[in-house]
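J.: I have a structure I would like to understand better, so I am pasting it below and will then ask my questions one at a time.
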Amino acid sequence: MAQLEDSELVKIREDVLAGKAKDFSISDNGMLLFKARAMGTNLKFSTAFHPQTDGQSERTIQILEDLLRACVMDFGGSWSKQKSYADPKRRDVTFQPGDHVFLRVSPMKGIRRFGKKGKLSPRFIGPFEILEKVGQVAYRLALPPSLSAVHNVFHVSMLRKYVSDPMHILSYEALELQPDLSYDEQPVQILDRKEKVLRTKTISLVKVLWGNSKVEEATWELESDMRAQHPELFK
């Protein structure tokens with residue numbers, strides 16, 4: 001993730017996990033957000049400015065918001081309009097020490113297009129016990145030794161209350177989780193084939209069943225990609 005290569009954004013991410021960054025949050029897929037908007041990687045803050053009056057404090061906030069507004073990815077609509085849509089949908093979810101929760105992980109398709117991996121539906125591992133609340137929106141979990149490489153403080157958006165429903169619960173012992181809680185998902189079977197006719201050519205597609213996924217969650221992929229990267233599926 002490009003955000004992890006920017007030292008300023010890494011520092012903000014740490015503050016979010018510690019509950020010290022009020023207007024920042026981390027999305028379900030690990031993206032750092034400011035007021036529900038994605039952060040760019042060229043954000044730079046000046047640490048040399050020390051406001052001495054109320055007017056200067058207000059001016060600093062305005063400058064920072066202008067910088068953030070210039071760095072976020074805007075897919076239509078104004079900053080204020082996007083914020084007005086996002087805020088009403090927020091839920092105040094709280095847990096107590098001793099509660100058990102599931103932790104959201106992100107399966108990534110084991111094929112690459114243009115150097116990027118596609119994502120599958122989120123999954124959950126656990127349950128894990130909550131040890132303490134960190135700040136206003138983060139919690140420290142009791143993780144097993146097999147997950148020692150994963151930082152044990154998580155934003156509330158990555159947690160789900162423990163319920164007795166094993167449908168989407170994975171065994172973390174069988175997964176090779178990355179520090180960002182993603183893991184490679186491998187294809188296990190070709191379920192179907194079809195051709196998509198375009199103006200100048202015809203594209204062959206295959207319906208792929210992925211490990212740890214149900215049949216109804218199978219995805220359509222380019223047959224050429226699957227043959228190149230997973231020829232064993234076509235033997």
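By order in the structure tokens, chains are A, B, ...; within a chain, residues start at 1; ligands start at 1, following the order shown.
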Find the spatial neighbours of A:Leu233, counting only C-alpha atoms, within a cut-off of 12 Å - ignore same-chain residues fewer than 2 positions away - and output them as a PDB file with N, CA and C atoms, in the first residue's frame.
T.:
```
ATOM      1  N   GLN A 186      -6.199 -18.665  -2.900  1.00  0.00           N
ATOM      2  CA  GLN A 186      -5.867 -19.419  -4.104  1.00  0.00           C
ATOM      3  C   GLN A 186      -7.113 -20.049  -4.724  1.00  0.00           C
ATOM      4  N   PRO A 187      -7.169 -20.129  -6.064  1.00  0.00           N
ATOM      5  CA  PRO A 187      -8.307 -20.767  -6.725  1.00  0.00           C
ATOM      6  C   PRO A 187      -8.241 -22.282  -6.567  1.00  0.00           C
ATOM      7  N   VAL A 188      -9.401 -22.893  -6.445  1.00  0.00           N
ATOM      8  CA  VAL A 188      -9.434 -24.343  -6.239  1.00  0.00           C
ATOM      9  C   VAL A 188     -10.177 -25.091  -7.335  1.00  0.00           C
ATOM     10  N   GLN A 189     -11.029 -24.382  -8.098  1.00  0.00           N
ATOM     11  CA  GLN A 189     -11.825 -25.092  -9.110  1.00  0.00           C
ATOM     12  C   GLN A 189     -12.416 -24.122 -10.125  1.00  0.00           C
ATOM     13  N   ILE A 190     -12.513 -24.569 -11.381  1.00  0.00           N
ATOM     14  CA  ILE A 190     -13.225 -23.836 -12.422  1.00  0.00           C
ATOM     15  C   ILE A 190     -14.653 -24.360 -12.466  1.00  0.00           C
ATOM     16  N   LEU A 191     -15.621 -23.496 -12.222  1.00  0.00           N
ATOM     17  CA  LEU A 191     -17.014 -23.923 -12.139  1.00  0.00           C
ATOM     18  C   LEU A 191     -17.772 -23.777 -13.455  1.00  0.00           C
ATOM     19  N   VAL A 206     -13.765 -17.486 -17.172  1.00  0.00           N
ATOM     20  CA  VAL A 206     -14.027 -18.688 -16.377  1.00  0.00           C
ATOM     21  C   VAL A 206     -14.516 -18.264 -15.003  1.00  0.00           C
ATOM     22  N   LYS A 207     -15.431 -19.043 -14.457  1.00  0.00           N
ATOM     23  CA  LYS A 207     -15.948 -18.774 -13.116  1.00  0.00           C
ATOM     24  C   LYS A 207     -15.116 -19.564 -12.118  1.00  0.00           C
ATOM     25  N   VAL A 208     -14.475 -18.844 -11.183  1.00  0.00           N
ATOM     26  CA  VAL A 208     -13.473 -19.447 -10.301  1.00  0.00           C
ATOM     27  C   VAL A 208     -13.999 -19.544  -8.874  1.00  0.00           C
ATOM     28  N   LEU A 209     -13.855 -20.730  -8.306  1.00  0.00           N
ATOM     29  CA  LEU A 209     -14.146 -20.937  -6.884  1.00  0.00           C
ATOM     30  C   LEU A 209     -12.841 -20.786  -6.120  1.00  0.00           C
ATOM     31  N   TRP A 210     -12.864 -19.906  -5.110  1.00  0.00           N
ATOM     32  CA  TRP A 210     -11.671 -19.636  -4.323  1.00  0.00           C
ATOM     33  C   TRP A 210     -11.732 -20.383  -2.996  1.00  0.00           C
ATOM     34  N   GLU A 223      -9.841 -16.045 -18.680  1.00  0.00           N
ATOM     35  CA  GLU A 223      -9.287 -17.392 -18.815  1.00  0.00           C
ATOM     36  C   GLU A 223      -7.789 -17.346 -19.101  1.00  0.00           C
ATOM     37  N   ASP A 225      -5.584 -15.205 -18.026  1.00  0.00           N
ATOM     38  CA  ASP A 225      -4.864 -14.974 -16.771  1.00  0.00           C
ATOM     39  C   ASP A 225      -4.783 -16.245 -15.937  1.00  0.00           C
ATOM     40  N   MET A 226      -5.906 -16.922 -15.832  1.00  0.00           N
ATOM     41  CA  MET A 226      -5.938 -18.130 -15.013  1.00  0.00           C
ATOM     42  C   MET A 226      -5.069 -19.231 -15.607  1.00  0.00           C
ATOM     43  N   ARG A 227      -5.077 -19.371 -16.928  1.00  0.00           N
ATOM     44  CA  ARG A 227      -4.228 -20.394 -17.565  1.00  0.00           C
ATOM     45  C   ARG A 227      -2.745 -20.086 -17.367  1.00  0.00           C
ATOM     46  N   ALA A 228      -2.397 -18.789 -17.419  1.00  0.00           N
ATOM     47  CA  ALA A 228      -0.998 -18.409 -17.277  1.00  0.00           C
ATOM     48  C   ALA A 228      -0.490 -18.609 -15.852  1.00  0.00           C
ATOM     49  N   GLN A 229      -1.318 -18.301 -14.866  1.00  0.00           N
ATOM     50  CA  GLN A 229      -0.869 -18.318 -13.478  1.00  0.00           C
ATOM     51  C   GLN A 229      -1.292 -19.565 -12.713  1.00  0.00           C
ATOM     52  N   HIS A 230      -2.330 -20.258 -13.190  1.00  0.00           N
ATOM     53  CA  HIS A 230      -2.781 -21.476 -12.503  1.00  0.00           C
ATOM     54  C   HIS A 230      -3.143 -22.544 -13.527  1.00  0.00           C
ATOM     55  N   PRO A 231      -2.148 -23.014 -14.299  1.00  0.00           N
ATOM     56  CA  PRO A 231      -2.437 -24.025 -15.348  1.00  0.00           C
ATOM     57  C   PRO A 231      -2.947 -25.342 -14.799  1.00  0.00           C
ATOM     58  N   LYS A 235      -6.006 -28.925 -16.206  1.00  0.00           N
ATOM     59  CA  LYS A 235      -5.556 -30.265 -16.582  1.00  0.00           C
ATOM     60  C   LYS A 235      -6.701 -31.241 -16.525  1.00  0.00           C
TER      61      LYS A 235
END
```
J.: In stretch 147-218 of chain A, what's helix (DSSP H, G or I) per DSSP? Answer as a count of residues only?
T.: 10
J.: Name the closest residue to A:Arg123 among the candidates A:Ser171, A:Ser146, A:Gln96, A:Ser25; distances are taken between atoms, counting only C-alpha atoms.
T.: A:Ser171
J.: Could you check the closest approach to A:Pro179 for each of A:Lys22, A:His151, A:Lys201, A:Lys196 and tell me which residue wins, using only C-alpha atoms?
T.: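 Using only C-alpha atoms, the shortest distance to A:Pro179 belongs to A:His151.
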J.: Please identify all polymer residues within 12 Å of A:Met158, counting only C-alpha atoms, omitting same-chain residues fewer than 4 positions from it, and present them as a PyMOL selection string.
T.: chain A and resi 17+25-31+93+101-106+122-125+137-141+152-154+180-181
J.: Keeping only N, CA and C atoms, write the selected residues as a compact mmCIF listing (two decimals), in the first residue's frame.
T.:
```
# COMPACT_ATOMS: atom_id res chain seq x y z
N LEU A 17 -4.65 4.38 15.57
CA LEU A 17 -4.74 3.15 16.35
C LEU A 17 -4.68 3.42 17.85
N SER A 25 -9.50 8.00 10.36
CA SER A 25 -9.96 6.64 10.63
C SER A 25 -9.30 5.70 9.63
N ILE A 26 -9.47 4.42 9.84
CA ILE A 26 -8.92 3.40 8.95
C ILE A 26 -10.07 2.58 8.41
N SER A 27 -10.15 2.44 7.08
CA SER A 27 -11.25 1.73 6.45
C SER A 27 -11.09 0.23 6.64
N ASP A 28 -12.12 -0.53 6.20
CA ASP A 28 -12.09 -1.98 6.34
C ASP A 28 -10.93 -2.62 5.58
N ASN A 29 -10.49 -1.99 4.49
CA ASN A 29 -9.39 -2.55 3.71
C ASN A 29 -8.04 -1.95 4.08
N GLY A 30 -7.99 -1.21 5.21
CA GLY A 30 -6.72 -0.70 5.71
C GLY A 30 -6.34 0.67 5.19
N MET A 31 -7.21 1.36 4.43
CA MET A 31 -6.91 2.67 3.88
C MET A 31 -7.09 3.76 4.94
N VAL A 93 -20.19 2.01 17.95
CA VAL A 93 -20.06 0.64 18.44
C VAL A 93 -19.03 0.63 19.54
N VAL A 101 -14.62 -10.68 20.17
CA VAL A 101 -14.97 -10.12 18.86
C VAL A 101 -14.27 -10.91 17.77
N PHE A 102 -14.82 -10.77 16.55
CA PHE A 102 -14.15 -11.30 15.37
C PHE A 102 -13.35 -10.17 14.73
N LEU A 103 -12.25 -10.52 14.09
CA LEU A 103 -11.37 -9.56 13.45
C LEU A 103 -11.46 -9.71 11.93
N ARG A 104 -11.70 -8.59 11.25
CA ARG A 104 -11.87 -8.61 9.79
C ARG A 104 -10.51 -8.76 9.10
N VAL A 105 -10.44 -9.69 8.14
CA VAL A 105 -9.25 -9.87 7.31
C VAL A 105 -9.65 -9.75 5.85
N SER A 106 -8.68 -9.50 4.97
CA SER A 106 -8.96 -9.23 3.56
C SER A 106 -8.31 -10.28 2.67
N PRO A 122 -14.67 -9.71 2.45
CA PRO A 122 -13.94 -9.80 3.72
C PRO A 122 -14.33 -11.06 4.49
N ARG A 123 -13.41 -11.53 5.30
CA ARG A 123 -13.65 -12.67 6.16
C ARG A 123 -13.31 -12.28 7.59
N PHE A 124 -13.65 -13.14 8.53
CA PHE A 124 -13.39 -12.85 9.93
C PHE A 124 -12.68 -14.03 10.58
N ILE A 125 -11.75 -13.71 11.47
CA ILE A 125 -11.06 -14.74 12.24
C ILE A 125 -11.31 -14.47 13.72
N VAL A 137 -11.70 5.03 19.76
CA VAL A 137 -12.22 4.17 18.68
C VAL A 137 -11.35 2.95 18.41
N ALA A 138 -10.48 2.59 19.32
CA ALA A 138 -9.60 1.45 19.10
C ALA A 138 -9.59 0.54 20.32
N TYR A 139 -9.23 -0.74 20.06
CA TYR A 139 -9.22 -1.73 21.13
C TYR A 139 -7.99 -2.63 20.97
N ARG A 140 -7.47 -3.06 22.12
CA ARG A 140 -6.36 -3.99 22.14
C ARG A 140 -6.91 -5.41 22.33
N LEU A 141 -6.48 -6.33 21.46
CA LEU A 141 -6.99 -7.70 21.52
C LEU A 141 -5.91 -8.66 22.04
N ASN A 152 -1.55 -5.49 17.78
CA ASN A 152 -2.77 -5.97 18.46
C ASN A 152 -3.76 -4.86 18.83
N VAL A 153 -3.61 -3.65 18.28
CA VAL A 153 -4.58 -2.58 18.48
C VAL A 153 -5.31 -2.33 17.17
N PHE A 154 -6.65 -2.36 17.21
CA PHE A 154 -7.43 -2.28 15.98
C PHE A 154 -8.54 -1.25 16.10
N ASP A 180 -0.77 -6.29 7.41
CA ASP A 180 -1.96 -5.47 7.15
C ASP A 180 -3.24 -6.29 7.16
N LEU A 181 -3.16 -7.53 7.67
CA LEU A 181 -4.31 -8.44 7.80
C LEU A 181 -4.90 -8.85 6.45
```
J.: Could you tell me how far atom CA of A:Asp99 sits from atom CA of A:Val163, in Å to one decimal place?
T.: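 About the pair atom CA of A:Val163 and atom CA of A:Asp99: they are 11.3 Å apart.
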J.: Of the candidates A:Ala142, A:Arg199, A:Lys194, A:Gly135, which shows the shortest atom-to-atom distance to A:Val16, using only C-alpha atoms?
T.: A:Gly135
J.: Would you mind reading off the distance between atom CA of A:Leu33 and atom CA of A:Leu143, one decimal, in Å?
T.: 25.5 Å
J.: Between atom CA of A:Leu222 and atom CA of A:Tyr183, what distance in Å does the model show, to one decimal?
T.: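 According to the coordinates, atom CA of A:Leu222 and atom CA of A:Tyr183 are separated by 21.4 Å.
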